[in-house]
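Data from structure_10.txt: compact mmCIF, C-alpha atoms
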```txt
# COMPACT_ATOMS: atom_id res chain seq x y z
CA MET A 1260 0.00 0.00 0.00
CA SER A 1261 2.81 2.40 0.79
CA SER A 1262 3.87 2.57 -2.89
CA LEU A 1263 0.53 4.02 -4.02
CA VAL A 1264 0.36 7.69 -4.95
CA ALA A 1265 -2.49 9.22 -2.96
CA PRO A 1266 -4.58 12.25 -3.92
CA ARG A 1267 -3.95 15.30 -1.76
CA PHE A 1268 -6.02 18.10 -0.29
CA THR A 1269 -5.35 21.23 1.75
CA MET A 1270 -6.82 21.95 5.17
CA ALA A 1271 -5.71 24.06 8.15
CA GLY A 1272 -2.93 25.52 6.02
CA HIS A 1273 -1.33 22.12 5.38
CA GLU A 1274 -1.36 19.56 2.60
CA TRP A 1275 -2.63 16.03 3.35
CA ASP A 1276 -2.68 12.64 1.64
CA LEU A 1277 -6.05 10.92 1.21
CA LEU A 1278 -6.32 7.19 0.55
CA GLY A 1279 -9.39 5.41 -0.77
CA ASP A 1280 -11.88 3.94 1.73
CA VAL A 1281 -10.95 6.64 4.26
CA PHE A 1282 -13.32 9.41 5.40
CA ALA A 1283 -12.65 12.43 3.16
CA PRO A 1284 -12.45 15.68 5.20
CA PRO A 1285 -12.73 18.03 2.18
CA TYR A 1286 -16.36 17.00 1.62
CA SER A 1287 -17.61 17.68 5.15
CA ALA A 1288 -17.14 20.43 7.72
CA THR A 1289 -16.95 17.90 10.56
CA THR A 1290 -13.14 17.68 10.67
CA GLU A 1291 -12.71 21.46 10.70
CA THR A 1292 -15.27 21.61 13.52
CA ALA A 1293 -13.27 19.02 15.44
CA MET A 1294 -10.12 21.09 15.04
CA GLU A 1295 -11.95 24.15 16.38
CA VAL A 1296 -13.46 22.52 19.46
CA LEU A 1297 -10.12 20.95 20.39
CA GLY A 1298 -8.31 24.25 19.91
CA LEU A 1299 -6.01 22.96 17.16
CA THR A 1300 -6.54 25.81 14.70
CA GLY A 1301 -4.29 28.24 16.57
CA GLY A 1302 -7.07 30.71 17.29
CA GLY A 1303 -7.42 29.99 21.00
CA PRO A 1304 -6.42 27.72 23.86
CA SER A 1305 -6.00 24.02 23.14
CA LEU A 1306 -7.70 21.28 25.14
CA LEU A 1307 -4.52 19.25 24.76
CA PRO A 1308 -1.89 19.77 27.47
CA ALA A 1309 1.41 21.10 26.10
CA GLY A 1310 3.96 18.34 26.13
CA GLY A 1311 1.33 15.83 27.25
CA SER A 1312 0.02 12.62 25.70
CA PHE A 1313 -2.95 12.36 23.33
CA LEU A 1314 -4.86 9.34 22.04
CA GLU A 1315 -7.15 9.72 19.05
CA VAL A 1316 -9.56 6.87 18.38
CA GLY A 1317 -10.73 6.65 14.76
CA SER A 1318 -7.97 8.78 13.27
CA GLY A 1319 -9.00 8.56 9.59
CA THR A 1320 -6.54 10.62 7.56
CA GLY A 1321 -4.72 11.56 10.76
CA ILE A 1322 -5.35 15.30 10.61
CA ILE A 1323 -6.32 15.67 14.27
CA ALA A 1324 -3.48 13.46 15.51
CA VAL A 1325 -0.88 15.23 13.36
CA LEU A 1326 -2.10 18.69 14.38
CA ALA A 1327 -1.96 17.63 18.03
CA ALA A 1328 1.70 16.72 17.54
CA LEU A 1329 2.38 19.96 15.67
CA ARG A 1330 0.68 21.95 18.47
CA GLY A 1331 3.04 20.52 21.07
CA ALA A 1332 1.74 17.14 22.27
CA GLY A 1333 4.76 15.16 23.38
CA ARG A 1334 3.31 11.75 22.52
CA VAL A 1335 0.43 10.93 20.19
CA VAL A 1336 -1.17 7.57 19.48
CA ALA A 1337 -3.77 7.28 16.72
CA THR A 1338 -5.91 4.16 16.34
CA ASP A 1339 -8.34 3.10 13.65
CA ILE A 1340 -10.16 -0.12 12.84
CA ASN A 1341 -9.72 0.61 9.11
CA THR A 1342 -6.26 -0.47 7.87
CA HIS A 1343 -6.40 2.13 5.09
CA ALA A 1344 -6.90 4.86 7.71
CA VAL A 1345 -3.93 3.59 9.73
CA GLU A 1346 -1.72 3.81 6.63
CA ASN A 1347 -3.18 7.23 5.81
CA THR A 1348 -2.35 8.51 9.29
CA ARG A 1349 1.20 7.16 9.02
CA ARG A 1350 1.71 8.89 5.69
CA ASN A 1351 0.54 12.23 7.01
CA ALA A 1352 2.71 11.89 10.11
CA VAL A 1353 5.72 11.41 7.83
CA ARG A 1354 4.61 14.26 5.55
CA HIS A 1355 4.58 16.65 8.51
CA HIS A 1356 7.70 15.22 10.19
CA VAL A 1357 6.02 14.11 13.43
CA GLU A 1358 6.52 10.35 13.02
CA ASP A 1359 8.99 10.44 15.92
CA ARG A 1360 6.16 11.22 18.35
CA LEU A 1361 3.07 9.90 16.55
CA THR A 1362 2.29 6.18 16.39
CA ALA A 1363 -0.56 4.88 14.21
CA VAL A 1364 -2.06 1.58 15.41
CA HIS A 1365 -4.58 -0.77 13.81
CA SER A 1366 -7.05 -1.26 16.65
CA ASP A 1367 -10.74 -1.68 17.43
CA LEU A 1368 -10.98 1.19 19.92
CA PHE A 1369 -8.42 0.33 22.64
CA ALA A 1370 -8.03 -3.40 21.91
CA ALA A 1371 -4.49 -3.28 20.48
CA LEU A 1372 -3.06 -0.94 23.13
CA ASP A 1373 -1.08 -1.98 26.17
CA PRO A 1374 -3.57 -2.52 29.02
CA GLY A 1375 -1.67 -0.11 31.26
CA ASP A 1376 -1.29 2.71 28.75
CA ARG A 1377 -2.76 6.04 29.90
CA PHE A 1378 -3.10 9.44 28.22
CA ASP A 1379 -3.67 13.03 29.28
CA CYS A 1380 -6.43 13.31 26.68
CA VAL A 1381 -8.44 10.59 24.92
CA TYR A 1382 -10.63 11.70 22.01
CA TRP A 1383 -13.03 10.05 19.57
CA HIS A 1384 -15.02 11.77 16.84
CA SER A 1385 -17.50 8.93 16.82
CA ASN A 1386 -19.50 7.07 14.17
CA PHE A 1387 -22.66 8.57 15.67
CA VAL A 1388 -25.27 7.22 13.23
CA LEU A 1389 -27.24 4.51 15.07
CA ALA A 1390 -27.93 1.38 13.03
CA PRO A 1391 -29.91 -1.74 13.99
CA ASP A 1392 -28.06 -4.34 16.05
CA GLY A 1393 -27.78 -6.78 13.16
CA TYR A 1394 -26.44 -4.29 10.63
CA HIS A 1395 -23.34 -5.42 8.69
CA TYR A 1396 -20.92 -2.94 7.13
CA ARG A 1397 -20.80 -3.07 3.34
CA THR A 1398 -17.49 -1.18 3.17
CA ASP A 1399 -14.71 -0.18 5.59
CA HIS A 1400 -15.71 3.43 4.95
CA GLU A 1401 -19.13 2.91 6.57
CA GLY A 1402 -17.42 2.33 9.89
CA ALA A 1403 -16.66 6.05 10.04
CA TYR A 1404 -20.37 6.86 10.19
CA VAL A 1405 -22.41 3.95 11.53
CA ASP A 1406 -22.43 2.08 14.85
CA PRO A 1407 -24.83 -0.90 15.02
CA GLY A 1408 -26.68 -0.86 18.33
CA TYR A 1409 -24.19 1.73 19.64
CA ARG A 1410 -22.00 -1.18 20.70
CA ALA A 1411 -18.79 0.76 20.01
CA HIS A 1412 -20.14 3.77 21.91
CA GLN A 1413 -20.96 1.58 24.90
CA ARG A 1414 -17.42 0.21 24.97
CA TYR A 1415 -15.94 3.68 24.65
CA LEU A 1416 -18.08 5.04 27.49
CA VAL A 1417 -16.83 2.25 29.74
CA GLU A 1418 -13.18 2.13 28.68
CA ALA A 1419 -12.19 5.71 27.80
CA PRO A 1420 -12.21 7.04 31.40
CA LEU A 1421 -9.99 4.11 32.38
CA ARG A 1422 -7.43 5.21 29.79
CA VAL A 1423 -6.77 8.71 31.15
CA THR A 1424 -4.13 9.87 33.57
CA ASP A 1425 -5.05 11.52 36.87
CA GLY A 1426 -6.58 14.84 35.87
CA GLY A 1427 -6.88 13.72 32.25
CA ALA A 1428 -9.96 13.99 30.04
CA ALA A 1429 -11.96 11.40 28.07
CA LEU A 1430 -13.67 13.26 25.22
CA LEU A 1431 -16.34 12.26 22.73
CA GLN A 1432 -17.42 14.35 19.76
CA PHE A 1433 -21.04 13.53 18.94
CA SER A 1434 -23.71 14.96 16.63
CA ASP A 1435 -27.36 15.89 16.70
CA ARG A 1436 -27.71 13.32 13.92
CA GLY A 1437 -27.02 10.71 16.57
CA ASP A 1438 -29.27 9.49 19.40
CA LEU A 1439 -28.10 11.55 22.38
CA ASP A 1440 -30.84 10.13 24.65
CA ARG A 1441 -29.64 6.60 23.90
CA LEU A 1442 -26.04 7.63 24.53
CA THR A 1443 -26.98 9.29 27.84
CA ASP A 1444 -28.87 6.18 28.97
CA LEU A 1445 -25.86 3.99 28.14
CA ALA A 1446 -23.58 6.32 30.07
CA THR A 1447 -25.83 6.24 33.14
CA ALA A 1448 -26.13 2.46 32.99
CA HIS A 1449 -22.35 2.17 33.21
CA GLY A 1450 -21.78 4.74 35.93
CA ARG A 1451 -20.77 7.55 33.60
CA VAL A 1452 -22.00 11.11 33.23
CA LEU A 1453 -21.69 13.26 30.11
CA LYS A 1454 -20.67 16.91 30.46
CA VAL A 1455 -21.14 19.22 27.47
CA LEU A 1456 -17.94 21.18 26.84
CA ASP A 1457 -18.83 22.79 23.50
CA ARG A 1458 -21.49 22.94 20.80
CA ARG A 1459 -20.85 24.04 17.22
CA ALA A 1460 -23.43 24.44 14.45
CA PHE A 1461 -22.37 24.38 10.80
CA LEU A 1462 -23.81 23.88 7.33
CA GLU A 1463 -23.57 20.47 5.68
CA GLY A 1464 -24.92 21.15 2.20
CA THR A 1465 -28.23 22.87 2.88
CA GLU A 1466 -28.69 21.30 6.33
CA THR A 1467 -27.58 22.84 9.63
CA LEU A 1468 -25.90 20.31 11.91
CA GLU A 1469 -24.65 20.60 15.45
CA HIS A 1470 -21.66 18.81 16.88
CA ILE A 1471 -21.31 18.39 20.62
CA LEU A 1472 -18.04 17.87 22.48
CA LEU A 1473 -18.69 15.74 25.56
CA GLU A 1474 -16.47 14.86 28.48
CA ILE A 1475 -17.09 11.40 29.95
CA ARG A 1476 -16.80 11.37 33.72
CA THR A 1477 -17.08 8.51 36.18
CA LEU A 1478 -19.83 8.84 38.76
CA PRO A 1479 -18.50 8.80 42.34
```

Transcribe the structure of this file into structure tokens.
Amino acid sequence: MSSLVAPRFTMAGHEWDLLGDVFAPPYSATTETAMEVLGLTGGGPSLLPAGGSFLEVGSGTGIIAVLAALRGAGRVVATDINTHAVENTRRNAVRHHVEDRLTAVHSDLFAALDPGDRFDCVYWHSNFVLAPDGYHYRTDHEGAYVDPGYRAHQRYLVEAPLRVTDGGAALLQFSDRGDLDRLTDLATAHGRVLKVLDRRAFLEGTETLEHILLEIRTLP
């Protein structure tokens, strides 16, 4: 795969490689919204601690992970269940000379990570579209949008707070296209509470969407 010439696009003042079967940021405002809420665009404070560690789940092209490294994160790990996305993230880490502090890992959420690994910030821009329990993906690309039965969300709600350092943050970027009531019920059932940190509305074609940045906290 590494010998293929990938198409490129520009975003956040940088050029990026884009492989097939990977979510394409140029055709949606969702990635730019993610950069804004995390404070990676340079226009305000960043949610990522300077010199700290950052884990991005579902890295796609790797834009968020690479920008985190460029903005001063000392260690970045980017996971994705899609092997094309893992390769895409690796390519963009090399393109922007952060491969020394950014590791791309093929993983279903946290499954491939060391059990004891902890991060100052854990972040997932989730596949918020709820599908029936028995739904089967037709392509790898669908995994960026759709979560059958919110099974992946349930695992993330349980596991993400266990992956942060003392004082760290487990973050989830969700959408009003998703089922927030279902997500809240799942959080409560597993002893978690969701705190809204930010809301951003933007146009997607002719439709106005809202993305919500949530912090997952463990109930005392």

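Minimum distance to A:His1343 across A:Ala1293, A:Val1357, A:Met1270, A:Leu1278 (counting only C-alpha atoms) occurs at A:Leu1278.
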
Q: Please identify all polymer residues within 7 Å of A:Val1455, counting only C-alpha atoms, omitting same-chain residues fewer than 2 positions from it, and present them as a VMD selection string.
A: chain A and resid 1453 1457 1471 to 1474

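Every protein or nucleic acid residue with an atom no more than 9 Å from A:Arg1459, counting all atoms listed in the file and leaving out same-chain residues fewer than 6 positions away, appears here: A:Thr1292, A:Glu1295, A:Val1296, A:Leu1468, A:Glu1469, A:His1470, A:Ile1471, A:Leu1472.
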
Sorted by chain and rising residue number, which residues of stretch 1342-1448 of chain A lie within 12 Å of stretch 1327-1334 of chain A, and what are their closest atom pairs and distances in Å to one decimal, counting all atoms listed in the file, as a Markdown table?
```
| residue | atom | partner | partner_atom | distance |
| --- | --- | --- | --- | --- |
| A:Asn1351 | CA | A:Ala1328 | CA | 11.5 |
| A:Ala1352 | CA | A:Ala1328 | CA | 8.9 |
| A:Val1353 | CA | A:Ala1328 | CA | 11.8 |
| A:Arg1354 | CA | A:Leu1329 | CA | 11.8 |
| A:His1355 | CA | A:Leu1329 | CA | 8.2 |
| A:His1356 | CA | A:Leu1329 | CA | 9.0 |
| A:Val1357 | CA | A:Ala1328 | CA | 6.5 |
| A:Glu1358 | CA | A:Ala1328 | CA | 9.2 |
| A:Asp1359 | CA | A:Arg1334 | CA | 8.8 |
| A:Arg1360 | CA | A:Arg1334 | CA | 5.1 |
| A:Leu1361 | CA | A:Arg1334 | CA | 6.3 |
| A:Thr1362 | CA | A:Arg1334 | CA | 8.3 |
| A:Ala1363 | CA | A:Arg1334 | CA | 11.5 |
| A:Asp1376 | CA | A:Arg1334 | CA | 11.9 |
| A:Arg1377 | CA | A:Arg1334 | CA | 11.1 |
| A:Phe1378 | CA | A:Arg1334 | CA | 8.9 |
| A:Asp1379 | CA | A:Ala1332 | CA | 9.8 |
| A:Cys1380 | CA | A:Ala1332 | CA | 10.0 |
| A:Val1381 | CA | A:Ala1327 | CA | 11.8 |
| A:Tyr1382 | CA | A:Ala1327 | CA | 11.2 |
```

Q) atom CA of A:Thr1290 to atom CA of A:Gly1408: how many Å, to one decimal? A) 24.2 Å

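Atom to atom, atom CA of A:Thr1348 and atom CA of A:Ser1318 stand 6.9 Å apart.
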
Centre, edges in Å (one decimal): axis-aligned box, stretch 1347-1358 of chain A, 5 Å padding on all six sides, as AutoDock Vina command-line options:
```
--center_x 2.3 --center_y 11.9 --center_z 9.5 --size_x 20.9 --size_y 19.5 --size_z 17.9
```

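For the set A:Val1364, A:Ala1419, A:Leu1439, A:Leu1445, the residue with the smallest atom-to-atom gap to A:Val1388 is A:Leu1439, counting all atoms listed in the file.
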
Q. Could you state the separation of atom CA of A:Phe1268 and atom CA of A:Thr1300 in Å, given to one decimal place?
A. 16.9 Å

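Taking all atoms listed in the file into account, A:Asp1406 lies nearest to A:Asn1386 out of the set A:Ala1371, A:Pro1308, A:Asn1386, A:Gly1319.
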